[in-house]
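What follows is input_3.csv (CSV, C-alpha atoms and all ligand atoms).
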```csv
chain,number,residue,atom,x,y,z
A,19,MET,CA,166.5,-1.7,165.4
A,20,LYS,CA,165.8,-1.8,161.8
A,21,SER,CA,162.0,-1.6,162.2
A,22,LYS,CA,162.3,1.1,164.8
A,23,SER,CA,164.3,3.4,162.5
A,24,GLY,CA,161.8,2.5,159.8
A,25,LYS,CA,158.9,3.7,161.9
A,26,PHE,CA,160.8,6.8,162.8
A,27,LEU,CA,161.3,7.5,159.1
A,28,LEU,CA,157.7,6.9,158.4
A,29,ALA,CA,156.6,9.3,161.2
A,30,ARG,CA,159.0,12.0,159.9
A,31,LEU,CA,157.6,11.5,156.4
A,32,ALA,CA,154.1,11.8,157.6
A,33,ILE,CA,154.9,15.0,159.5
A,34,ALA,CA,156.8,16.5,156.6
A,35,LEU,CA,153.8,15.7,154.4
A,36,LEU,CA,151.3,17.3,156.8
A,37,VAL,CA,153.4,20.4,157.2
A,38,GLY,CA,153.7,20.7,153.4
A,39,ILE,CA,150.0,20.4,153.0
A,40,MET,CA,149.3,23.0,155.6
A,41,ALA,CA,151.8,25.4,154.2
A,42,SER,CA,150.4,25.1,150.7
A,43,CYS,CA,146.9,25.8,152.0
A,44,ASN,CA,147.7,28.7,154.3
A,45,THR,CA,150.2,30.7,152.2
A,46,PRO,CA,148.2,33.0,150.1
A,47,ASP,CA,149.7,33.8,146.7
A,48,PRO,CA,151.1,37.3,147.2
A,49,LYS,CA,150.4,38.3,143.6
A,50,PHE,CA,146.8,37.2,143.9
A,51,GLN,CA,146.4,39.1,147.2
A,52,GLN,CA,147.9,42.2,145.6
A,53,TYR,CA,145.6,42.0,142.6
A,54,LEU,CA,142.6,41.6,144.9
A,55,VAL,CA,143.5,44.6,147.1
A,56,GLU,CA,144.3,46.9,144.2
A,57,GLY,CA,141.4,45.6,142.2
A,58,GLU,CA,139.1,46.5,145.0
A,59,GLN,CA,140.5,50.1,145.2
A,60,LEU,CA,140.1,50.5,141.4
A,61,TYR,CA,136.6,49.1,141.6
A,62,LEU,CA,135.6,51.6,144.2
A,63,VAL,CA,137.0,54.4,142.0
A,64,HIS,CA,135.7,53.3,138.6
A,65,CYS,CA,132.7,51.0,139.1
A,66,SER,CA,131.0,51.2,142.4
A,67,ASN,CA,129.1,54.4,141.6
A,68,CYS,CA,126.9,52.3,139.4
A,69,HIS,CA,127.3,48.7,140.4
A,70,GLN,CA,127.5,49.7,144.1
A,71,LYS,CA,130.1,48.7,146.6
A,72,ASP,CA,128.5,45.4,147.3
A,73,GLY,CA,128.2,44.6,143.6
A,74,ARG,CA,124.4,44.3,143.8
A,75,GLY,CA,123.7,47.0,141.1
A,76,LEU,CA,120.9,49.5,141.2
A,77,ARG,CA,117.4,48.4,140.6
A,78,ARG,CA,116.8,47.8,136.9
A,79,VAL,CA,119.2,50.5,135.8
A,80,TYR,CA,122.7,49.1,136.7
A,81,PRO,CA,123.0,45.3,136.6
A,82,PRO,CA,124.4,43.3,139.5
A,83,LEU,CA,127.8,41.6,139.5
A,84,ALA,CA,126.9,39.8,142.7
A,85,PRO,CA,125.8,37.4,141.4
A,86,SER,CA,125.8,37.6,137.6
A,87,ASP,CA,125.3,34.8,135.1
A,88,TYR,CA,126.3,37.3,132.4
A,89,MET,CA,129.8,37.6,134.0
A,90,ASP,CA,130.2,33.8,134.0
A,91,GLN,CA,129.3,33.5,130.3
A,92,ASN,CA,130.9,36.6,128.9
A,93,PHE,CA,134.4,37.0,130.3
A,94,GLU,CA,135.9,38.7,127.2
A,95,LYS,CA,133.0,41.1,126.8
A,96,VAL,CA,133.3,42.1,130.4
A,97,ILE,CA,137.0,42.9,130.1
A,98,CYS,CA,136.4,44.7,126.8
A,99,GLY,CA,133.5,46.6,128.3
A,100,MET,CA,135.6,47.9,131.2
A,101,LYS,CA,137.9,49.5,128.7
A,102,TYR,CA,135.7,50.3,125.7
A,103,GLY,CA,132.2,50.4,127.1
A,104,LEU,CA,129.2,48.1,126.7
A,105,GLN,CA,126.0,48.9,125.0
A,106,GLY,CA,122.9,47.1,123.7
A,107,GLU,CA,120.4,45.1,125.5
A,108,ILE,CA,121.9,42.4,127.8
A,109,SER,CA,120.3,39.8,130.1
A,110,VAL,CA,121.6,39.4,133.6
A,111,ASN,CA,120.1,36.7,135.9
A,112,GLY,CA,117.0,36.8,133.7
A,113,ASN,CA,116.5,40.6,133.7
A,114,SER,CA,117.2,42.7,130.8
A,115,TYR,CA,119.3,45.9,130.9
A,116,VAL,CA,119.5,48.5,128.2
A,117,GLN,CA,121.5,51.4,129.5
A,118,ALA,CA,125.0,51.9,128.0
A,119,MET,CA,128.0,51.5,130.2
A,120,PRO,CA,130.8,53.9,129.5
A,121,GLY,CA,134.3,52.4,129.3
A,122,VAL,CA,137.4,53.7,131.0
A,123,PRO,CA,139.9,53.7,128.1
A,124,SER,CA,142.8,54.9,130.4
A,125,LEU,CA,142.8,51.6,132.3
A,126,THR,CA,146.0,49.7,131.7
A,127,GLU,CA,146.4,46.0,131.2
A,128,LEU,CA,147.5,45.6,134.8
A,129,GLU,CA,144.6,47.6,136.1
A,130,LEU,CA,142.1,45.7,134.0
A,131,ALA,CA,143.6,42.4,135.3
A,132,GLU,CA,143.4,43.7,138.9
A,133,ILE,CA,139.7,44.8,138.6
A,134,ALA,CA,138.9,41.5,136.8
A,135,THR,CA,140.6,39.5,139.6
A,136,TYR,CA,138.6,41.4,142.2
A,137,ILE,CA,135.2,41.1,140.6
A,138,TYR,CA,135.8,37.5,139.5
A,139,ASN,CA,136.8,36.4,143.0
A,140,SER,CA,134.2,38.3,145.0
A,141,TRP,CA,130.5,37.7,145.7
A,142,GLY,CA,130.7,34.0,145.0
A,143,HIS,CA,132.8,34.2,141.8
A,144,GLN,CA,135.9,32.1,142.1
A,145,ARG,CA,137.9,32.4,138.9
A,146,GLY,CA,141.4,32.8,140.5
A,147,LEU,CA,144.1,35.1,139.5
A,148,ILE,CA,143.6,36.8,136.1
A,149,GLU,CA,147.0,37.6,134.7
A,150,SER,CA,147.7,41.0,133.3
A,151,LYS,CA,149.8,39.4,130.5
A,152,SER,CA,146.6,37.7,129.3
A,153,MET,CA,145.0,41.0,128.7
A,154,ALA,CA,146.8,42.0,125.5
A,155,ALA,CA,145.4,39.2,123.3
A,156,LEU,CA,142.0,39.6,124.8
A,157,LEU,CA,141.9,43.4,124.1
A,158,ASP,CA,143.0,42.7,120.6
A,159,SER,CA,139.8,40.8,120.1
A,160,CYS,CA,137.7,43.8,121.4
A,161,ALA,CA,138.7,45.7,118.3
A,162,ARG,CA,136.6,43.3,116.3
A,163,PRO,CA,133.2,44.6,115.3
A,164,ARG,CA,131.3,41.9,117.2
A,165,TYR,CA,132.2,43.6,120.4
A,166,ARG,CA,131.2,47.0,119.2
A,167,ARG,CA,127.5,46.3,119.2
B,1,LIG,C1,128.0,54.8,134.6
B,1,LIG,C2,127.6,53.6,135.3
B,1,LIG,C3,128.6,52.4,135.1
B,1,LIG,C4,129.9,52.3,135.5
B,1,LIG,C5,130.8,53.5,136.1
B,1,LIG,C6,130.3,51.0,135.3
B,1,LIG,N1,129.3,50.3,134.8
B,1,LIG,FE1,129.3,48.3,134.4
B,1,LIG,N2,127.5,48.4,133.5
B,1,LIG,C7,126.7,49.5,133.5
B,1,LIG,C8,125.5,49.3,132.7
B,1,LIG,C9,124.4,50.3,132.5
B,1,LIG,C10,125.6,48.0,132.2
B,1,LIG,C11,124.7,47.3,131.2
B,1,LIG,C12,125.2,47.5,129.8
B,1,LIG,C13,124.3,47.0,128.7
B,1,LIG,O1,123.1,46.9,128.9
B,1,LIG,O2,124.8,46.8,127.6
B,1,LIG,C14,126.8,47.5,132.8
B,1,LIG,C15,127.3,46.2,132.6
B,1,LIG,C16,128.4,45.6,133.3
B,1,LIG,C17,128.7,44.2,133.3
B,1,LIG,C18,127.9,43.1,132.6
B,1,LIG,C19,126.6,42.8,133.2
B,1,LIG,C20,126.7,42.2,134.6
B,1,LIG,O3,126.0,42.8,135.5
B,1,LIG,O4,127.3,41.2,134.8
B,1,LIG,C21,129.8,44.1,134.1
B,1,LIG,C22,130.5,42.8,134.5
B,1,LIG,C23,130.2,45.4,134.5
B,1,LIG,N3,129.3,46.3,134.0
B,1,LIG,C24,131.3,45.7,135.3
B,1,LIG,C25,131.8,47.0,135.5
B,1,LIG,C26,133.1,47.3,136.0
B,1,LIG,C27,134.1,46.2,136.4
B,1,LIG,C28,133.2,48.6,136.0
B,1,LIG,C29,134.4,49.4,136.4
B,1,LIG,C30,135.6,49.3,135.6
B,1,LIG,C31,131.9,49.2,135.5
B,1,LIG,N4,131.1,48.1,135.2
B,1,LIG,C32,131.6,50.5,135.5
B,1,LIG,C33,126.9,50.7,134.2
B,1,LIG,C34,128.2,51.1,134.7
```
Exercise: express the given structure as structure tokens:
Amino acid sequence: MKSKSGKFLLARLAIALLVGIMASCNTPDPKFQQYLVEGEQLYLVHCSNCHQKDGRGLRRVYPPLAPSDYMDQNFEKVICGMKYGLQGEISVNGNSYVQAMPGVPSLTELELAEIATYIYNSWGHQRGLIESKSMAALLDSCARPRYRR
């Protein structure tokens, strides 16, 4: 009797554990999903003209985001660049680009976080949710001259 209820308990525990694991894998974080969806819309409006819908860029004129080693190594500059522009020669996947990128100063912290979440979780990038509340401190750092090349 005792061992039977013990087995029963074990089985229930195992099932509860399994259900728990499945639920945590399958339930997408709603905030992450929202950022991805809205980030994609904003990307299509503000960025895809140059970097193209598929993020592959345009010849040697507009650098690719899909993939981009520059993006991996220069997170802050990328965020700053979206808002304030990016200029000077940069190297992306071993190719150099010299055109200036205009910024979109009207982008809010939420919009920047949404675009960043989209581009940093598409085309092989997997950075996860980029919080809008992390943008303020990051944008402060853009005002420093080192980002105004
Ligand atoms: C008018 C064309 C244009 C638009 C619009 C534009 N970019 Fe760019 N982008 C460029 C150019 C040109 C560069 C290279 C700048 C340099 O050489 O300093 C660049 C560089 C970049 C880089 C760093 C290089 C790389 O390929 O990883 C990222 C990331 C990026 N842009 C993302 C964006 C995002 C996100 C948007 C929309 C908010 C955007 N760009 C809008 C032209 C553009």
*Out of A:Pro46, A:Gly146, A:Gly99, A:Pro81, which residue has the shortest atom-to-atom distance to ligand LIG 1 (chain B) when counting only C-alpha atoms and all ligand atoms?*
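When distances to ligand LIG 1 (chain B) are compared using only C-alpha atoms and all ligand atoms, the smallest one comes from A:Pro81.
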*Identify which of the residues A:Pro48, A:Gly75, A:Gly57, A:Gly24 lies closest to Leu128 of chain A, counting all atoms listed in the file when measuring atom-to-atom distances.*
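Selected residue with least distance to Leu128 of chain A: A:Gly57.
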*If you count only C-alpha atoms and all ligand atoms, which residues end up within 7 Å of ligand LIG 1 (chain B), as a VMD selection string?*
chain A and resid 61 64 to 69 79 to 83 86 to 89 96 100 104 to 108 110 115 to 120 122 133 to 134 137
*Looking at all atoms listed in the file, which of A:Ser109, A:Ser140, A:Ser114, A:Ser150 is the one that sits closest to Thr126 of chain A?*
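Comparing A:Ser109, A:Ser140, A:Ser114, A:Ser150 against Thr126 of chain A, the winner is A:Ser150.
Nearest-residue note for Asn139 of chain A: choosing from A:Cys98, A:Leu60, A:Val55, A:Cys160, the minimum distance belongs to A:Val55, counting only C-alpha atoms.
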_So the first atom is atom CA of Leu130 of chain A and the second is atom CA of Glu58 of chain A; what is the distance between them in Å, to one decimal place?_
11.4 Å
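Proximity ranking of A:Ala32, A:Gly112, A:Pro85, A:Lys95 relative to Gln144 of chain A places A:Pro85 first, based on all atoms listed in the file.
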